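S.K.: The structure's right below; bear with me while I get my questions together.
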Amino acid sequence: MTELTSREKAILDILIGIYVATGEPVGSRTISKMDLGLSAATIRNSMADLEEKGYLRQPHTSAGRVPSDKGYRYYVDMLMNLEELAEAVQRSIRNSVERLRAGNTDGLLEQVSKVLADVSHNLGIALGPQFAQGIFERLEVFKLSESKLLMVLSIRSGLIKTMVVEINWAIEDAELEATQRVVNERLSGLTVGEIMASVKERLEFASSGSPKLLRLFANSADYMFRFSSLSDLHMDGTRNFFDQPDFSNERLAGLIGMLEAREQVAYLLSDRTPGTFITIGDEHESPELKNCSLLTSTYSVGNVSGVIGIIGPTRLPYGRLVPLVQYMANLTEEILAHR
């Protein structure tokens with residue numbers, strides 16, 4: 001990234017602040033009123049240099065300049081000042097989310113996405129903990145009928161998945177217990193990823209348990225241990241996009257279509273870098289997100305992690321929203337850790 005002079009940094013910083021607030025291209029005369037001690041002509045020359053370097057662009061011949069994706073990236077990495085989240089806002093958020101402490105994870109994350117949308121006026125998103133690195137604790141099997149079994153898979157972080165499995169053979173209670181014991185002895189302590197990669201080999205040649213049920217478990221492990229990202233994905237605030245002048249009808253239709261399909265969003269979130277991360281405009285692979293920014297922060301539950309964040313136009317108040325996303329991630333982690 002091309003290094004900027006102190007003058008160029010100051011101008012870029014002020015221009016982005018004005019553009020984020022107004023949504024209108026910014027001219028040199030507007031910036032000259034910001035106590036930089038520079039004439040409009042000097043600022044105009046520096047803005048031309050910033051445009052030549054790729055940090056600004058001019059949407060119309062007679063208009064002022066607006067930040068490019070490269071300009072936003074430089075701002076986020078080098079110039080952004082994080083605003084402290086007001087204590088009153090923190091209390092309001094905590095009160096809205098903590099009341100779901102005793103409920104299930106889905107209800108909590110649904111509320112997290114709603115609060116993010118309401119506070120940021122953009123799209124709030126929350127992805128539940130992903131289990132690939134979760135450590136399998138135990139399997140419990142219960143007979144519901146002669147042809148149906150209830151399987152309960154527990155992950156060490158306290159998360160559980162249940163499913164009903166149909167069988168077409170008779171199985172005694174003692175055989176069921178022996179099968180459960182074999183699975184737990186051979187798989188407990190392994191990560192979900194390790195189990196999915198080696199379950200057939202690990203359950204082969206068991207001297208006890210039901211061979212048919214062990215084979216069914218091994219052949220179905222890809223389904224049993226796949227905790228769907230789509231069902232764990234919570235989004236709220238799509239309505240906020242209609243209030244954004246940054247999106248044309250065509251761009252908005254493509255974005256809404258992608259969000260409704262959900263697969264791309266779940267994939268994007270599950271593949272995010274740990275910590276707080278920002279992707280801007282053309283940095284996205286998805287064409288529907290080329291005019292958007294994605295702000296995310298990860299949270300942990302035991303040894304598994306999830307993601308919360310915001311999707312909005314590239315014209316975002318990053319300095320205000322990054323602390324919001326970080327606070328929500330920390331609060332989500334705190335609540336899930338103490339339930």
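Convention: chains lettered A, B, ... in structure tokens order; per-chain residue numbering from 1; ligands numbered from 1 as shown.
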Would you pick out the contacts of Thr332 in chain A at 8 Å or less, using only C-alpha atoms, so that residues sharing its chain but fewer than 5 positions from it are not included, and give the list as a list in words?

M.R.: Leu109, Val112 and Tyr299 of chain A

S.K.: Restricting it to N, CA and C atoms, dump the selection as a CSV table (one decimal), in the first residue's frame.

M.R.:
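Saved the output as out-v5.csv:
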```csv
chain,number,residue,atom,x,y,z
A,109,LEU,N,-28.8,-16.1,20.1
A,109,LEU,CA,-28.1,-15.5,18.9
A,109,LEU,C,-29.1,-14.8,18.0
A,112,VAL,N,-29.2,-11.5,19.6
A,112,VAL,CA,-27.9,-10.8,19.3
A,112,VAL,C,-28.0,-10.1,17.9
A,299,TYR,N,-16.4,-15.3,18.9
A,299,TYR,CA,-16.5,-15.6,20.3
A,299,TYR,C,-16.3,-17.1,20.5
```

S.K.: I need the strand (DSSP E) residues of range 94-333 of chain A per DSSP on the backbone, written as a ChimeraX atom specification.

M.R.: /A:123-130,136-143,148-155,160-166,233-236,276-280,292-301,304-313

S.K.: Could the residues in this selection be saved with C-alpha atoms as a compact mmCIF listing (two decimals), in the first residue's frame?

M.R.:
```
# COMPACT_ATOMS: atom_id res chain seq x y z
CA LEU A 123 -27.82 -6.10 8.95
CA GLY A 124 -27.00 -7.92 12.17
CA ILE A 125 -25.70 -11.48 11.81
CA ALA A 126 -24.80 -14.22 14.28
CA LEU A 127 -23.46 -17.69 13.53
CA GLY A 128 -23.69 -20.35 16.21
CA PRO A 129 -20.62 -22.22 17.47
CA GLN A 130 -19.12 -24.41 14.76
CA PHE A 136 -16.81 -35.22 21.33
CA GLU A 137 -17.74 -36.13 24.89
CA ARG A 138 -20.27 -38.95 24.70
CA LEU A 139 -23.11 -40.64 22.86
CA GLU A 140 -26.33 -41.64 24.55
CA VAL A 141 -28.88 -43.86 22.80
CA PHE A 142 -32.50 -44.31 23.86
CA LYS A 143 -35.05 -46.69 22.36
CA LYS A 148 -36.74 -45.80 16.29
CA LEU A 149 -33.73 -44.74 18.36
CA LEU A 150 -32.98 -41.34 19.85
CA MET A 151 -29.27 -40.47 19.65
CA VAL A 152 -27.86 -37.65 21.78
CA LEU A 153 -24.36 -36.39 20.90
CA SER A 154 -22.62 -34.19 23.48
CA ILE A 155 -19.73 -31.84 22.75
CA ILE A 160 -25.78 -31.07 22.27
CA LYS A 161 -27.30 -32.50 19.11
CA THR A 162 -30.21 -34.93 19.09
CA MET A 163 -31.59 -36.99 16.21
CA VAL A 164 -34.02 -39.83 15.64
CA VAL A 165 -32.66 -42.82 13.70
CA GLU A 166 -34.84 -45.52 12.18
CA LEU A 233 -27.25 -18.62 11.12
CA HIS A 234 -29.33 -15.73 12.44
CA MET A 235 -29.88 -12.47 10.54
CA ASP A 236 -31.97 -9.41 11.28
CA THR A 276 -12.12 -8.78 14.74
CA PHE A 277 -11.95 -8.65 10.96
CA ILE A 278 -13.22 -6.26 8.27
CA THR A 279 -13.71 -7.05 4.56
CA ILE A 280 -14.43 -4.09 2.27
CA CYS A 292 -20.67 -3.84 1.11
CA SER A 293 -18.45 -4.16 4.14
CA LEU A 294 -18.53 -7.11 6.54
CA LEU A 295 -17.42 -6.51 10.13
CA THR A 296 -17.07 -9.62 12.28
CA SER A 297 -15.73 -10.69 15.64
CA THR A 298 -15.42 -14.25 16.92
CA TYR A 299 -16.55 -15.58 20.28
CA SER A 300 -15.62 -18.86 21.96
CA VAL A 301 -17.60 -21.47 23.85
CA VAL A 304 -15.53 -24.14 19.65
CA SER A 305 -16.19 -20.69 18.21
CA GLY A 306 -18.90 -18.70 16.50
CA VAL A 307 -19.09 -15.35 14.74
CA ILE A 308 -21.20 -12.22 15.10
CA GLY A 309 -21.09 -9.19 12.85
CA ILE A 310 -22.62 -6.54 10.64
CA ILE A 311 -23.12 -6.24 6.89
CA GLY A 312 -23.67 -2.76 5.50
CA PRO A 313 -22.53 -0.45 2.69
```

S.K.: Using only C-alpha atoms, pick whichever of A:Asp77, A:Glu263, A:Asp243, A:Glu172 has the shortest atom-to-atom distance to Gly209 in chain A.

M.R.: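 Closest to Gly209 in chain A of all the choices is A:Glu172.
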
S.K.: What's the 7 Å shell around range 44-50 of chain A, counting only C-alpha atoms, without same-chain residues fewer than 5 positions away, as a VMD selection string?

M.R.: chain A and resid 8 28 55 to 56

S.K.: I'd like to know which of A:Glu175, A:Arg29, A:Met78, A:Leu336 is closest to Arg101 in chain A, using only C-alpha atoms.

M.R.: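 That would be A:Leu336, the residue with the smallest distance to Arg101 in chain A.
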
S.K.: Excluding same-chain residues fewer than 4 positions from Pro317 in chain A, what lies within 12 Å of it counting only C-alpha atoms, as an MDAnalysis selection string?

M.R.: chainID A and resid 16:23 72 75:76 80:83 120:122 293 295 310 312:313 321:324

S.K.: Just write the chosen residues, N, CA and C atoms, as a PDB file, in the first residue's frame.

M.R.:
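Writing the result to selection_2.pdb gives the following:
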```pdb
ATOM      1  N   ILE A  16     -13.356  11.079   4.604  1.00  0.00           N
ATOM      2  CA  ILE A  16     -14.150   9.882   4.903  1.00  0.00           C
ATOM      3  C   ILE A  16     -15.167  10.177   6.002  1.00  0.00           C
ATOM      4  N   GLY A  17     -14.759  10.942   7.015  1.00  0.00           N
ATOM      5  CA  GLY A  17     -15.695  11.307   8.070  1.00  0.00           C
ATOM      6  C   GLY A  17     -16.894  12.072   7.541  1.00  0.00           C
ATOM      7  N   ILE A  18     -16.641  13.032   6.647  1.00  0.00           N
ATOM      8  CA  ILE A  18     -17.732  13.828   6.073  1.00  0.00           C
ATOM      9  C   ILE A  18     -18.608  12.966   5.179  1.00  0.00           C
ATOM     10  N   TYR A  19     -17.968  12.130   4.347  1.00  0.00           N
ATOM     11  CA  TYR A  19     -18.741  11.306   3.406  1.00  0.00           C
ATOM     12  C   TYR A  19     -19.608  10.284   4.141  1.00  0.00           C
ATOM     13  N   VAL A  20     -19.074   9.673   5.189  1.00  0.00           N
ATOM     14  CA  VAL A  20     -19.858   8.713   5.971  1.00  0.00           C
ATOM     15  C   VAL A  20     -21.082   9.396   6.573  1.00  0.00           C
ATOM     16  N   ALA A  21     -20.902  10.638   7.018  1.00  0.00           N
ATOM     17  CA  ALA A  21     -22.002  11.364   7.667  1.00  0.00           C
ATOM     18  C   ALA A  21     -23.044  11.857   6.677  1.00  0.00           C
ATOM     19  N   THR A  22     -22.621  12.245   5.468  1.00  0.00           N
ATOM     20  CA  THR A  22     -23.551  12.897   4.538  1.00  0.00           C
ATOM     21  C   THR A  22     -23.966  12.035   3.355  1.00  0.00           C
ATOM     22  N   GLY A  23     -23.086  11.139   2.923  1.00  0.00           N
ATOM     23  CA  GLY A  23     -23.368  10.353   1.728  1.00  0.00           C
ATOM     24  C   GLY A  23     -23.181  11.121   0.437  1.00  0.00           C
ATOM     25  N   TYR A  72     -10.879   3.285   1.990  1.00  0.00           N
ATOM     26  CA  TYR A  72     -11.476   2.765   3.222  1.00  0.00           C
ATOM     27  C   TYR A  72     -10.509   1.807   3.929  1.00  0.00           C
ATOM     28  N   TYR A  75      -7.902   3.750   5.668  1.00  0.00           N
ATOM     29  CA  TYR A  75      -8.509   4.396   6.827  1.00  0.00           C
ATOM     30  C   TYR A  75      -8.660   3.408   7.985  1.00  0.00           C
ATOM     31  N   VAL A  76      -9.210   2.225   7.700  1.00  0.00           N
ATOM     32  CA  VAL A  76      -9.440   1.211   8.735  1.00  0.00           C
ATOM     33  C   VAL A  76      -8.127   0.741   9.349  1.00  0.00           C
ATOM     34  N   MET A  80      -8.181   4.988  11.565  1.00  0.00           N
ATOM     35  CA  MET A  80      -9.425   4.885  12.326  1.00  0.00           C
ATOM     36  C   MET A  80      -9.205   5.044  13.828  1.00  0.00           C
ATOM     37  N   ASN A  81     -10.013   5.885  14.440  1.00  0.00           N
ATOM     38  CA  ASN A  81     -10.066   6.011  15.892  1.00  0.00           C
ATOM     39  C   ASN A  81     -11.330   5.325  16.393  1.00  0.00           C
ATOM     40  N   LEU A  82     -11.165   4.368  17.290  1.00  0.00           N
ATOM     41  CA  LEU A  82     -12.316   3.635  17.806  1.00  0.00           C
ATOM     42  C   LEU A  82     -13.044   4.470  18.852  1.00  0.00           C
ATOM     43  N   GLU A  83     -14.348   4.606  18.683  1.00  0.00           N
ATOM     44  CA  GLU A  83     -15.156   5.350  19.643  1.00  0.00           C
ATOM     45  C   GLU A  83     -15.547   4.417  20.793  1.00  0.00           C
ATOM     46  N   SER A 120     -26.957  -0.707  14.992  1.00  0.00           N
ATOM     47  CA  SER A 120     -26.090  -0.284  13.875  1.00  0.00           C
ATOM     48  C   SER A 120     -26.871   0.273  12.700  1.00  0.00           C
ATOM     49  N   HIS A 121     -28.186  -0.041  12.624  1.00  0.00           N
ATOM     50  CA  HIS A 121     -29.033   0.337  11.482  1.00  0.00           C
ATOM     51  C   HIS A 121     -28.537  -0.327  10.195  1.00  0.00           C
ATOM     52  N   ASN A 122     -27.959  -1.506  10.356  1.00  0.00           N
ATOM     53  CA  ASN A 122     -27.536  -2.318   9.214  1.00  0.00           C
ATOM     54  C   ASN A 122     -28.023  -3.743   9.437  1.00  0.00           C
ATOM     55  N   SER A 293     -19.505  -3.799   3.201  1.00  0.00           N
ATOM     56  CA  SER A 293     -18.451  -4.164   4.141  1.00  0.00           C
ATOM     57  C   SER A 293     -19.019  -5.174   5.131  1.00  0.00           C
ATOM     58  N   LEU A 295     -18.180  -6.635   8.889  1.00  0.00           N
ATOM     59  CA  LEU A 295     -17.421  -6.509  10.134  1.00  0.00           C
ATOM     60  C   LEU A 295     -17.769  -7.702  11.013  1.00  0.00           C
ATOM     61  N   ILE A 310     -21.748  -7.503  11.313  1.00  0.00           N
ATOM     62  CA  ILE A 310     -22.619  -6.544  10.642  1.00  0.00           C
ATOM     63  C   ILE A 310     -22.281  -6.530   9.157  1.00  0.00           C
ATOM     64  N   GLY A 312     -23.102  -4.039   5.892  1.00  0.00           N
ATOM     65  CA  GLY A 312     -23.668  -2.758   5.498  1.00  0.00           C
ATOM     66  C   GLY A 312     -22.934  -2.229   4.281  1.00  0.00           C
ATOM     67  N   PRO A 313     -23.260  -1.041   3.819  1.00  0.00           N
ATOM     68  CA  PRO A 313     -22.535  -0.446   2.694  1.00  0.00           C
ATOM     69  C   PRO A 313     -21.104  -0.120   3.108  1.00  0.00           C
ATOM     70  N   LEU A 321     -18.741   1.260  14.853  1.00  0.00           N
ATOM     71  CA  LEU A 321     -19.314  -0.080  14.758  1.00  0.00           C
ATOM     72  C   LEU A 321     -18.352  -1.182  15.187  1.00  0.00           C
ATOM     73  N   VAL A 322     -17.051  -0.989  14.998  1.00  0.00           N
ATOM     74  CA  VAL A 322     -16.101  -2.020  15.431  1.00  0.00           C
ATOM     75  C   VAL A 322     -16.212  -2.271  16.937  1.00  0.00           C
ATOM     76  N   PRO A 323     -16.233  -1.228  17.795  1.00  0.00           N
ATOM     77  CA  PRO A 323     -16.415  -1.480  19.230  1.00  0.00           C
ATOM     78  C   PRO A 323     -17.750  -2.151  19.546  1.00  0.00           C
ATOM     79  N   LEU A 324     -18.789  -1.828  18.782  1.00  0.00           N
ATOM     80  CA  LEU A 324     -20.094  -2.458  18.995  1.00  0.00           C
ATOM     81  C   LEU A 324     -20.011  -3.959  18.737  1.00  0.00           C
TER      82      LEU A 324
END
```

S.K.: Point out the residue among A:Leu36, A:Leu15, A:Leu289, A:Ile135 with the least atom-to-atom distance to Arg57 in chain A, counting only C-alpha atoms.

M.R.: A:Leu15

S.K.: DSSP on the backbone: what in range 229-298 of chain A comes out helix (DSSP H, G or I), as a ChimeraX atom specification?

M.R.: /A:238-243,249-261,263-270,281-283,287-289

S.K.: Dump C-alpha atoms for the selected residues as a CSV table (one decimal), in the first residue's frame?

M.R.:
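See out33.csv below for the written result:
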```
chain,number,residue,atom,x,y,z
A,238,THR,CA,-32.7,-6.6,6.0
A,239,ARG,CA,-35.2,-3.8,6.1
A,240,ASN,CA,-32.3,-1.4,6.9
A,241,PHE,CA,-30.9,-1.8,3.4
A,242,PHE,CA,-33.9,-0.1,2.0
A,243,ASP,CA,-33.0,3.1,3.9
A,249,ASN,CA,-32.5,-1.3,-7.0
A,250,GLU,CA,-30.4,-3.8,-9.0
A,251,ARG,CA,-27.6,-4.0,-6.4
A,252,LEU,CA,-30.2,-4.3,-3.6
A,253,ALA,CA,-32.0,-7.1,-5.4
A,254,GLY,CA,-28.8,-9.1,-5.8
A,255,LEU,CA,-27.8,-8.6,-2.2
A,256,ILE,CA,-31.3,-9.5,-0.8
A,257,GLY,CA,-31.3,-12.6,-3.0
A,258,MET,CA,-27.9,-13.8,-1.6
A,259,LEU,CA,-29.0,-13.2,2.0
A,260,GLU,CA,-32.2,-15.1,1.5
A,261,ALA,CA,-30.3,-18.1,0.0
A,263,GLU,CA,-25.5,-20.5,2.0
A,264,GLN,CA,-23.0,-17.9,1.0
A,265,VAL,CA,-23.4,-15.9,4.2
A,266,ALA,CA,-23.0,-19.0,6.4
A,267,TYR,CA,-19.9,-20.0,4.4
A,268,LEU,CA,-18.4,-16.5,4.7
A,269,LEU,CA,-18.9,-16.4,8.4
A,270,SER,CA,-17.6,-19.9,9.1
A,281,GLY,CA,-16.0,-3.9,-1.2
A,282,ASP,CA,-13.9,-5.6,-3.9
A,283,GLU,CA,-12.1,-7.6,-1.2
A,287,PRO,CA,-20.2,-10.0,-6.5
A,288,GLU,CA,-23.3,-9.3,-4.4
A,289,LEU,CA,-21.1,-7.9,-1.7
```
